[in-house]
Amino acid sequence: MSWINLTALWKIIVFGLIAGAGLPALFASGLYTLSWGPKTARTAGADGGADSDVVIGGSVVGMVLAAIAFLIVLAAIGWSIYEIYTLGHPATTTKK
Amino acid sequence: MSNDTVLVLVVITALAFDFTNGFHDTGNAMATSIATGALGPRTAVAISGVLNFVGAFLSLAVAATIASGLVATGKVTLTVVAAGLAGGIIWNLLTWLLGIPSSSSHALIGGVIGSTMAAAGGSAVLWHGLVSKVVLPAVLSPIIAAFVAACGTWLLYRITRSLTEGARKHGFRIGQVGSACVVSLAHGTNDAQKTMGVITLALIANGTVAKGSNAPVWVITCCALAIAAGTYIGGWRVIRTLGKGLVEIESPQGMAAESASAAVILLSSTFGYSLSTTHVATGSIIGTGLGKKGAEVRWNVAGRMATAWVFTLPSAAIVGAIAYGIAYGIGGTLGVIIDLIVLAGIAGFIYWRSRGSKVDHNNVNSEWTGGVAPEPVPAETAAA
(Lines give C-alpha, C1' and ligand atoms only; values in the text may rest on other atoms or scores of the structure.)
Protein backbone atom coordinates (compact mmCIF):
# COMPACT_ATOMS: atom_id res chain seq x y z
CA MET A 1 0.00 0.00 0.00
CA SER A 2 1.42 3.34 -0.86
CA TRP A 3 1.49 5.96 1.82
CA ILE A 4 2.37 8.84 -0.43
CA ASN A 5 0.93 9.39 -3.84
CA LEU A 6 4.20 10.37 -5.48
CA THR A 7 2.58 11.37 -8.76
CA ALA A 8 0.29 13.80 -6.95
CA LEU A 9 3.20 15.06 -4.90
CA TRP A 10 5.46 16.01 -7.76
CA LYS A 11 2.57 17.49 -9.66
CA ILE A 12 1.73 19.70 -6.71
CA ILE A 13 5.35 20.82 -6.33
CA VAL A 14 5.92 21.49 -10.03
CA PHE A 15 2.59 23.11 -10.82
CA GLY A 16 2.75 24.83 -7.46
CA LEU A 17 6.00 26.46 -8.47
CA ILE A 18 4.75 27.38 -11.91
CA ALA A 19 1.51 28.86 -10.65
CA GLY A 20 2.48 29.94 -7.17
CA ALA A 21 5.85 31.48 -7.97
CA GLY A 22 5.77 31.78 -11.75
CA LEU A 23 2.57 33.74 -12.07
CA PRO A 24 3.56 36.34 -9.48
CA ALA A 25 6.93 36.57 -11.22
CA LEU A 26 5.12 37.24 -14.48
CA PHE A 27 3.08 39.90 -12.74
CA ALA A 28 6.28 41.40 -11.38
CA SER A 29 7.77 41.39 -14.87
CA GLY A 30 4.71 43.28 -16.01
CA LEU A 31 5.31 45.84 -13.28
CA TYR A 32 8.94 46.08 -14.38
CA THR A 33 8.22 46.71 -18.06
CA LEU A 34 5.46 49.09 -17.06
CA SER A 35 8.04 51.15 -15.24
CA TRP A 36 10.09 51.75 -18.38
CA GLY A 37 10.04 55.32 -19.48
CA PRO A 38 10.75 58.78 -18.17
CA LYS A 39 7.94 59.19 -15.68
CA THR A 40 9.11 56.79 -13.03
CA ALA A 41 11.91 57.56 -10.67
CA ARG A 42 14.08 54.47 -10.78
CA THR A 43 16.38 53.80 -7.89
CA ALA A 44 19.48 53.90 -10.08
CA GLY A 45 20.44 57.53 -10.57
CA ALA A 46 17.13 59.20 -9.74
CA ASP A 47 17.66 62.56 -8.15
CA GLY A 48 15.14 63.39 -5.50
CA GLY A 49 12.54 61.21 -7.18
CA ALA A 50 13.17 58.09 -5.16
CA ASP A 51 10.16 58.81 -2.99
CA SER A 52 7.69 58.63 -5.80
CA ASP A 53 5.43 55.64 -6.02
CA VAL A 54 4.60 56.04 -9.68
CA VAL A 55 4.69 52.74 -11.47
CA ILE A 56 3.72 53.64 -15.00
CA GLY A 57 6.76 55.01 -16.80
CA GLY A 58 5.22 55.99 -20.07
CA SER A 59 7.10 53.72 -22.44
CA VAL A 60 4.63 52.29 -24.94
CA VAL A 61 6.58 49.10 -25.49
CA GLY A 62 6.69 48.67 -21.74
CA MET A 63 2.96 49.10 -21.40
CA VAL A 64 2.18 46.65 -24.17
CA LEU A 65 4.46 44.02 -22.67
CA ALA A 66 2.94 44.61 -19.28
CA ALA A 67 -0.58 44.23 -20.66
CA ILE A 68 0.40 40.92 -22.22
CA ALA A 69 1.90 39.73 -18.95
CA PHE A 70 -1.15 40.72 -16.92
CA LEU A 71 -3.51 39.12 -19.41
CA ILE A 72 -1.61 35.85 -19.23
CA VAL A 73 -1.85 35.94 -15.45
CA LEU A 74 -5.58 36.57 -15.53
CA ALA A 75 -6.10 33.90 -18.15
CA ALA A 76 -4.12 31.39 -16.12
CA ILE A 77 -6.21 32.10 -13.03
CA GLY A 78 -9.42 31.84 -15.03
CA TRP A 79 -8.33 28.59 -16.61
CA SER A 80 -7.36 27.02 -13.29
CA ILE A 81 -10.71 27.88 -11.78
CA TYR A 82 -12.40 26.32 -14.78
CA GLU A 83 -10.26 23.18 -14.47
CA ILE A 84 -11.08 22.88 -10.79
CA TYR A 85 -14.74 23.16 -11.57
CA THR A 86 -14.73 20.42 -14.18
CA LEU A 87 -12.52 18.14 -12.11
CA GLY A 88 -14.60 18.66 -9.02
CA HIS A 89 -17.88 17.96 -10.70
CA PRO A 90 -17.25 14.70 -12.49
CA ALA A 91 -19.51 14.12 -15.48
CA THR A 92 -22.53 12.74 -13.75
CA THR A 93 -22.50 9.08 -13.00
CA THR A 94 -24.72 9.90 -10.03
CA LYS A 95 -28.05 11.51 -10.62
CA LYS A 96 -28.54 14.98 -9.13
CA MET B 1 -31.65 3.49 13.19
CA SER B 2 -33.01 6.84 12.13
CA ASN B 3 -33.74 9.78 14.35
CA ASP B 4 -34.61 12.94 12.54
CA THR B 5 -34.57 15.25 15.59
CA VAL B 6 -31.01 14.34 16.32
CA LEU B 7 -30.18 14.68 12.64
CA VAL B 8 -31.44 18.24 12.65
CA LEU B 9 -29.39 19.02 15.76
CA VAL B 10 -26.32 17.48 14.15
CA VAL B 11 -26.76 19.50 10.98
CA ILE B 12 -27.10 22.69 13.03
CA THR B 13 -23.98 21.80 14.99
CA ALA B 14 -22.11 21.06 11.78
CA LEU B 15 -23.05 24.44 10.40
CA ALA B 16 -21.86 25.98 13.68
CA PHE B 17 -18.54 24.28 13.12
CA ASP B 18 -18.45 25.63 9.58
CA PHE B 19 -19.03 29.09 11.01
CA THR B 20 -16.07 28.74 13.41
CA ASN B 21 -14.05 27.43 10.49
CA GLY B 22 -14.92 30.60 8.61
CA PHE B 23 -13.63 33.04 11.16
CA HIS B 24 -10.69 30.90 12.11
CA ASP B 25 -9.46 30.88 8.54
CA THR B 26 -10.19 34.40 7.30
CA GLY B 27 -6.62 35.25 8.12
CA ASN B 28 -5.21 32.70 5.72
CA ALA B 29 -6.41 34.69 2.76
CA MET B 30 -6.55 38.19 4.11
CA ALA B 31 -4.04 38.68 6.93
CA THR B 32 -1.21 39.68 4.62
CA SER B 33 -3.39 42.15 2.71
CA ILE B 34 -4.71 43.69 5.91
CA ALA B 35 -1.22 43.90 7.39
CA THR B 36 0.23 45.81 4.42
CA GLY B 37 -2.82 48.00 3.98
CA ALA B 38 -3.64 46.62 0.55
CA LEU B 39 -7.20 46.16 1.75
CA GLY B 40 -9.09 47.72 4.62
CA PRO B 41 -9.97 45.15 7.29
CA ARG B 42 -13.71 45.19 6.77
CA THR B 43 -13.50 45.24 2.98
CA ALA B 44 -11.15 42.29 3.15
CA VAL B 45 -13.46 40.12 5.20
CA ALA B 46 -16.47 41.06 3.09
CA ILE B 47 -14.71 40.05 -0.14
CA SER B 48 -13.42 36.90 1.48
CA GLY B 49 -16.91 35.97 2.62
CA VAL B 50 -18.36 36.29 -0.87
CA LEU B 51 -15.55 34.32 -2.49
CA ASN B 52 -15.71 31.57 0.10
CA PHE B 53 -19.35 31.23 -0.76
CA VAL B 54 -18.59 30.88 -4.46
CA GLY B 55 -15.65 28.56 -3.86
CA ALA B 56 -17.79 26.19 -1.86
CA PHE B 57 -19.64 25.29 -5.02
CA LEU B 58 -16.57 24.74 -7.15
CA SER B 59 -15.36 21.30 -6.22
CA LEU B 60 -16.79 18.26 -4.46
CA ALA B 61 -13.65 16.19 -4.19
CA VAL B 62 -12.79 16.91 -0.57
CA ALA B 63 -16.26 16.22 0.76
CA ALA B 64 -15.97 12.74 -0.64
CA THR B 65 -12.76 12.09 1.27
CA ILE B 66 -14.28 13.18 4.56
CA ALA B 67 -17.46 11.24 4.08
CA SER B 68 -15.92 7.94 3.17
CA GLY B 69 -12.15 7.95 3.29
CA LEU B 70 -11.46 8.24 6.98
CA VAL B 71 -13.89 6.17 9.01
CA ALA B 72 -15.91 3.07 8.24
CA THR B 73 -19.25 4.70 7.52
CA GLY B 74 -21.11 1.64 8.69
CA LYS B 75 -19.90 2.21 12.23
CA VAL B 76 -20.80 5.88 12.34
CA THR B 77 -23.94 6.84 14.20
CA LEU B 78 -25.47 10.28 14.60
CA THR B 79 -24.19 10.46 18.16
CA VAL B 80 -20.69 9.82 16.89
CA VAL B 81 -20.99 12.68 14.42
CA ALA B 82 -22.45 15.05 17.02
CA ALA B 83 -19.70 14.26 19.50
CA GLY B 84 -17.06 14.61 16.83
CA LEU B 85 -18.35 18.03 15.90
CA ALA B 86 -18.36 19.05 19.56
CA GLY B 87 -14.70 18.09 19.80
CA GLY B 88 -13.87 20.07 16.69
CA ILE B 89 -15.77 23.17 17.74
CA ILE B 90 -14.28 23.33 21.21
CA TRP B 91 -10.73 22.99 19.95
CA ASN B 92 -11.37 25.59 17.27
CA LEU B 93 -12.72 28.06 19.79
CA LEU B 94 -9.87 27.49 22.25
CA THR B 95 -7.21 28.13 19.63
CA TRP B 96 -9.13 31.16 18.38
CA LEU B 97 -9.11 32.58 21.92
CA LEU B 98 -5.35 32.14 22.06
CA GLY B 99 -4.94 33.63 18.57
CA ILE B 100 -3.27 30.48 17.31
CA PRO B 101 -3.80 29.78 13.62
CA SER B 102 -4.50 26.10 14.00
CA SER B 103 -6.13 23.77 11.56
CA SER B 104 -9.90 23.68 11.60
CA SER B 105 -9.64 20.66 9.36
CA HIS B 106 -7.67 18.73 11.89
CA ALA B 107 -9.98 19.85 14.67
CA LEU B 108 -12.92 18.40 12.80
CA ILE B 109 -11.20 15.24 11.69
CA GLY B 110 -9.71 14.73 15.15
CA GLY B 111 -13.08 15.12 16.78
CA VAL B 112 -14.73 12.63 14.44
CA ILE B 113 -11.89 10.12 14.79
CA GLY B 114 -12.06 10.41 18.59
CA SER B 115 -15.75 9.88 18.82
CA THR B 116 -15.64 7.04 16.29
CA MET B 117 -12.96 5.30 18.30
CA ALA B 118 -14.93 5.77 21.51
CA ALA B 119 -17.95 4.27 19.84
CA ALA B 120 -16.52 1.49 17.77
CA GLY B 121 -12.86 1.01 18.56
CA GLY B 122 -9.74 1.62 16.55
CA SER B 123 -10.74 -0.75 13.77
CA ALA B 124 -13.46 1.63 12.63
CA VAL B 125 -10.87 4.20 11.63
CA LEU B 126 -9.36 3.88 8.18
CA TRP B 127 -5.82 4.57 9.36
CA HIS B 128 -4.28 4.32 5.93
CA GLY B 129 -6.69 6.90 4.57
CA LEU B 130 -6.04 9.12 7.57
CA VAL B 131 -2.28 9.03 7.20
CA SER B 132 -2.07 9.26 3.43
CA LYS B 133 -4.82 11.81 2.89
CA VAL B 134 -4.62 13.90 6.04
CA VAL B 135 -1.52 13.52 8.15
CA LEU B 136 1.15 13.32 5.46
CA PRO B 137 -0.32 16.17 3.43
CA ALA B 138 -0.46 18.16 6.67
CA VAL B 139 3.26 17.73 7.18
CA LEU B 140 4.28 18.15 3.55
CA SER B 141 2.03 21.00 2.49
CA PRO B 142 3.51 23.79 4.63
CA ILE B 143 6.99 22.77 3.50
CA ILE B 144 5.98 22.84 -0.15
CA ALA B 145 4.14 26.13 0.36
CA ALA B 146 7.17 27.63 2.13
CA PHE B 147 9.42 26.55 -0.71
CA VAL B 148 7.14 27.97 -3.39
CA ALA B 149 6.67 31.20 -1.46
CA ALA B 150 10.39 31.59 -0.83
CA CYS B 151 11.15 31.16 -4.55
CA GLY B 152 8.35 33.55 -5.43
CA THR B 153 9.52 36.17 -2.95
CA TRP B 154 13.10 35.99 -4.18
CA LEU B 155 11.95 36.31 -7.80
CA LEU B 156 9.64 39.21 -7.07
CA TYR B 157 12.27 41.29 -5.35
CA ARG B 158 14.84 40.46 -8.00
CA ILE B 159 12.61 41.33 -10.95
CA THR B 160 11.52 44.63 -9.46
CA ARG B 161 14.83 45.69 -7.99
CA SER B 162 14.98 48.79 -10.13
CA LEU B 163 11.66 50.11 -8.94
CA THR B 164 11.43 52.50 -6.02
CA GLU B 165 10.08 51.29 -2.67
CA GLY B 166 6.90 53.22 -3.22
CA ALA B 167 6.31 51.98 -6.74
CA ARG B 168 6.91 48.41 -5.68
CA LYS B 169 4.50 48.75 -2.79
CA HIS B 170 1.88 50.35 -5.00
CA GLY B 171 2.11 47.71 -7.72
CA PHE B 172 2.18 44.72 -5.44
CA ARG B 173 -0.73 45.94 -3.36
CA ILE B 174 -2.86 45.42 -6.42
CA GLY B 175 -1.32 42.03 -6.91
CA GLN B 176 -2.05 41.23 -3.29
CA VAL B 177 -5.73 41.90 -3.69
CA GLY B 178 -5.88 39.52 -6.62
CA SER B 179 -3.98 36.74 -4.92
CA ALA B 180 -5.91 37.12 -1.67
CA CYS B 181 -9.13 36.74 -3.63
CA VAL B 182 -7.90 33.53 -5.19
CA VAL B 183 -7.01 32.15 -1.77
CA SER B 184 -10.50 32.95 -0.47
CA LEU B 185 -11.91 31.06 -3.41
CA ALA B 186 -9.50 28.21 -2.74
CA HIS B 187 -10.49 28.15 0.90
CA GLY B 188 -14.11 27.79 -0.09
CA THR B 189 -13.28 24.84 -2.31
CA ASN B 190 -11.31 23.07 0.40
CA ASP B 191 -12.89 23.96 3.72
CA ALA B 192 -16.61 24.29 3.17
CA GLN B 193 -16.28 20.83 1.70
CA LYS B 194 -15.29 19.34 5.03
CA THR B 195 -18.50 20.25 6.74
CA MET B 196 -20.41 19.05 3.71
CA GLY B 197 -18.62 15.74 4.09
CA VAL B 198 -19.58 15.49 7.74
CA ILE B 199 -23.20 16.36 7.12
CA THR B 200 -23.29 13.80 4.34
CA LEU B 201 -21.79 11.32 6.79
CA ALA B 202 -24.61 12.15 9.19
CA LEU B 203 -27.20 11.75 6.47
CA ILE B 204 -25.75 8.36 5.59
CA ALA B 205 -25.67 7.34 9.25
CA ASN B 206 -29.31 8.29 9.58
CA GLY B 207 -30.24 6.38 6.49
CA THR B 208 -31.54 9.50 4.79
CA VAL B 209 -29.23 9.06 1.82
CA ALA B 210 -27.51 6.03 0.41
CA LYS B 211 -23.91 5.11 1.17
CA GLY B 212 -21.47 6.70 -1.23
CA SER B 213 -23.72 9.59 -2.21
CA ASN B 214 -22.48 13.01 -3.09
CA ALA B 215 -23.47 15.95 -0.94
CA PRO B 216 -27.00 17.16 -1.76
CA VAL B 217 -27.41 20.71 -3.05
CA TRP B 218 -29.10 22.07 0.08
CA VAL B 219 -26.15 20.84 2.11
CA ILE B 220 -23.71 22.61 -0.18
CA THR B 221 -25.68 25.86 -0.01
CA CYS B 222 -26.03 25.89 3.78
CA CYS B 223 -22.37 25.11 4.31
CA ALA B 224 -21.38 27.79 1.85
CA LEU B 225 -23.51 30.33 3.70
CA ALA B 226 -22.21 29.33 7.13
CA ILE B 227 -18.58 29.57 6.18
CA ALA B 228 -19.13 32.87 4.39
CA ALA B 229 -20.88 34.31 7.43
CA GLY B 230 -18.09 33.18 9.74
CA THR B 231 -15.51 34.65 7.38
CA TYR B 232 -17.24 38.00 7.42
CA ILE B 233 -17.32 38.13 11.23
CA GLY B 234 -13.57 37.89 10.85
CA GLY B 235 -11.27 36.10 13.28
CA TRP B 236 -9.33 39.25 14.12
CA ARG B 237 -7.21 37.52 16.71
CA VAL B 238 -5.85 35.00 14.20
CA ILE B 239 -5.52 37.61 11.47
CA ARG B 240 -3.32 39.60 13.81
CA THR B 241 -1.00 36.69 14.55
CA LEU B 242 -0.60 35.82 10.89
CA GLY B 243 -0.26 39.35 9.62
CA LYS B 244 1.89 40.88 12.33
CA GLY B 245 3.12 38.25 14.70
CA LEU B 246 4.97 35.89 12.42
CA VAL B 247 6.82 38.02 9.89
CA GLU B 248 6.65 41.77 9.32
CA ILE B 249 5.28 41.66 5.80
CA GLU B 250 5.69 43.99 2.84
CA SER B 251 3.47 43.94 -0.21
CA PRO B 252 5.62 41.75 -2.47
CA GLN B 253 5.90 39.18 0.29
CA GLY B 254 2.16 39.31 0.81
CA MET B 255 1.52 38.56 -2.82
CA ALA B 256 4.10 35.79 -2.94
CA ALA B 257 2.65 34.19 0.17
CA GLU B 258 -0.95 34.27 -0.97
CA SER B 259 -0.09 33.04 -4.47
CA ALA B 260 1.86 30.12 -3.08
CA SER B 261 -1.00 29.28 -0.73
CA ALA B 262 -3.58 29.52 -3.48
CA ALA B 263 -1.61 27.28 -5.80
CA VAL B 264 -0.91 24.58 -3.22
CA ILE B 265 -4.46 24.57 -1.86
CA LEU B 266 -6.15 24.46 -5.25
CA LEU B 267 -3.86 21.78 -6.61
CA SER B 268 -4.36 19.62 -3.55
CA SER B 269 -8.13 20.06 -3.57
CA THR B 270 -8.30 18.58 -7.01
CA PHE B 271 -6.59 15.47 -5.68
CA GLY B 272 -9.11 15.25 -2.89
CA TYR B 273 -6.57 15.99 -0.16
CA SER B 274 -8.15 17.67 2.81
CA LEU B 275 -5.46 20.21 3.46
CA SER B 276 -5.14 22.52 6.30
CA THR B 277 -5.34 25.92 4.62
CA THR B 278 -3.91 27.29 7.85
CA HIS B 279 -0.81 25.14 7.65
CA VAL B 280 -0.31 26.12 4.03
CA ALA B 281 -0.84 29.84 4.67
CA THR B 282 1.55 29.82 7.61
CA GLY B 283 4.14 27.90 5.61
CA SER B 284 3.86 30.45 2.83
CA ILE B 285 4.24 33.39 5.19
CA ILE B 286 7.32 31.85 6.75
CA GLY B 287 8.62 31.13 3.25
CA THR B 288 8.39 34.78 2.33
CA GLY B 289 10.37 35.59 5.44
CA LEU B 290 13.05 33.20 4.26
CA GLY B 291 13.01 34.43 0.66
CA LYS B 292 13.73 38.04 1.43
CA LYS B 293 17.12 39.08 2.72
CA GLY B 294 16.87 40.74 6.06
CA ALA B 295 13.33 39.68 6.84
CA GLU B 296 12.70 38.53 10.39
CA VAL B 297 10.77 35.39 11.21
CA ARG B 298 9.58 35.25 14.80
CA TRP B 299 10.41 31.64 15.39
CA ASN B 300 8.95 31.61 18.88
CA VAL B 301 5.53 32.39 17.44
CA ALA B 302 6.06 29.77 14.75
CA GLY B 303 7.09 27.31 17.43
CA ARG B 304 3.94 27.94 19.43
CA MET B 305 1.91 27.27 16.31
CA ALA B 306 3.73 24.09 15.43
CA THR B 307 3.09 22.75 18.92
CA ALA B 308 -0.59 23.59 18.63
CA TRP B 309 -0.70 21.83 15.28
CA VAL B 310 0.81 18.64 16.56
CA PHE B 311 -1.66 18.60 19.41
CA THR B 312 -4.74 19.46 17.37
CA LEU B 313 -5.67 16.05 16.00
CA PRO B 314 -5.19 14.15 19.27
CA SER B 315 -6.70 16.88 21.47
CA ALA B 316 -9.79 17.26 19.36
CA ALA B 317 -10.00 13.47 19.31
CA ILE B 318 -9.93 13.32 23.09
CA VAL B 319 -12.64 15.96 23.39
CA GLY B 320 -14.64 14.12 20.76
CA ALA B 321 -14.27 10.86 22.65
CA ILE B 322 -15.30 12.48 25.93
CA ALA B 323 -18.26 14.10 24.25
CA TYR B 324 -19.25 10.73 22.92
CA GLY B 325 -18.85 9.19 26.34
CA ILE B 326 -21.20 11.75 27.86
CA ALA B 327 -23.82 11.30 25.19
CA TYR B 328 -23.57 7.52 25.29
CA GLY B 329 -23.64 7.44 29.07
CA ILE B 330 -26.85 9.41 29.24
CA GLY B 331 -28.20 7.59 26.25
CA GLY B 332 -30.48 8.31 23.34
CA THR B 333 -31.60 11.68 22.08
CA LEU B 334 -31.28 13.25 25.54
CA GLY B 335 -27.61 12.32 25.54
CA VAL B 336 -26.96 14.24 22.35
CA ILE B 337 -28.95 17.22 23.56
CA ILE B 338 -27.02 17.37 26.85
CA ASP B 339 -23.80 17.17 24.84
CA LEU B 340 -24.79 20.13 22.74
CA ILE B 341 -25.90 22.16 25.76
CA VAL B 342 -22.49 21.58 27.36
CA LEU B 343 -20.90 22.58 24.07
CA ALA B 344 -22.92 25.79 23.95
CA GLY B 345 -21.92 26.51 27.53
CA ILE B 346 -18.23 26.07 26.83
CA ALA B 347 -18.52 28.17 23.69
CA GLY B 348 -20.19 30.94 25.65
CA PHE B 349 -17.49 30.81 28.31
CA ILE B 350 -14.70 31.07 25.76
CA TYR B 351 -16.39 33.99 24.07
CA TRP B 352 -16.81 35.73 27.44
CA ARG B 353 -13.10 35.23 28.16
CA SER B 354 -12.21 36.76 24.81
CA ARG B 355 -13.92 40.03 25.65
CA GLY B 356 -11.22 40.74 28.21
CA SER B 357 -8.56 41.06 25.51
CA LYS B 358 -10.51 42.24 22.54
CA VAL B 359 -9.00 42.27 19.05
CA ASP B 360 -11.10 43.75 16.24
CA HIS B 361 -10.74 45.68 13.02
CA ASN B 362 -9.48 48.70 14.92
CA ASN B 363 -6.42 47.21 16.55
CA VAL B 364 -5.70 44.27 14.28
CA ASN B 365 -2.77 46.11 12.73
CA SER B 366 -1.22 47.55 15.90
CA GLU B 367 2.42 46.89 16.66
CA TRP B 368 3.11 43.37 17.84
CA THR B 369 3.88 43.41 21.54
CA GLY B 370 4.38 39.72 22.15
CA GLY B 371 0.83 38.55 22.73
CA VAL B 372 -2.31 38.34 20.66
CA ALA B 373 -4.06 41.42 21.96
CA PRO B 374 -1.89 44.52 21.64
CA GLU B 375 -0.96 46.49 24.75
CA PRO B 376 -3.63 49.12 25.20
CA VAL B 377 -2.39 52.59 24.21
CA PRO B 378 -3.52 55.75 26.06
CA ALA B 379 -6.36 57.31 24.11
CA GLU B 380 -4.62 60.54 23.08
CA THR B 381 -1.65 58.82 21.49
CA ALA B 382 -3.50 55.95 19.86
CA ALA B 383 -3.01 56.13 16.09
CA ALA B 384 -5.39 54.59 13.55
# chains A, B, ... in the order shown; residues from 1 in each chain; ligands from 1
>>> interface_residues(of="chain B", to="chain A", cutoff="6 Å", atoms="only C-alpha atoms", output="PyMOL selection string")
chain B and resi 58-61+132+148+152+156+160+162-164+166-167+259-260+263-264+267
>>> residues_around(residues="Ser315 of chain B", least_positions_apart="6", cutoff="9 Å", atoms="only C-alpha atoms", output="PyMOL selection string")
chain B and resi 87+91+107+110-111+114
>>> atom_distance(atom1="atom CA of Gly291 of chain B", atom2="atom CA of Gly245 of chain B")
17.6 Å
>>> residues_around(residues="Glu258 of chain B", least_positions_apart="5", cutoff="7 Å", atoms="only C-alpha atoms", output="number ranges by chain")
B: 29, 179-180, 183
>>> atom_distance(atom1="atom CA of Pro252 of chain B", atom2="atom CA of Lys169 of chain B")
7.1 Å
>>> atom_distance(atom1="atom CA of Ala192 of chain B", atom2="atom CA of Asp339 of chain B")
23.9 Å
>>> select_by_dssp(residues="segment 61-251 of chain B", states="helix (DSSP H, G or I)", output="VMD selection string")
chain B and resid 61 to 68 73 to 75 78 to 97 104 to 120 122 to 124 127 to 159 165 to 206 217 to 233 236 to 245 251
>>> residues_around(residues="Asp25 of chain B", least_positions_apart="6", cutoff="12 Å", atoms="only C-alpha atoms", output="PyMOL selection string")
chain B and resi 18-19+31+45+48-49+52+92+95-96+99-105+183-184+186-188+190-192+227-242+276-282
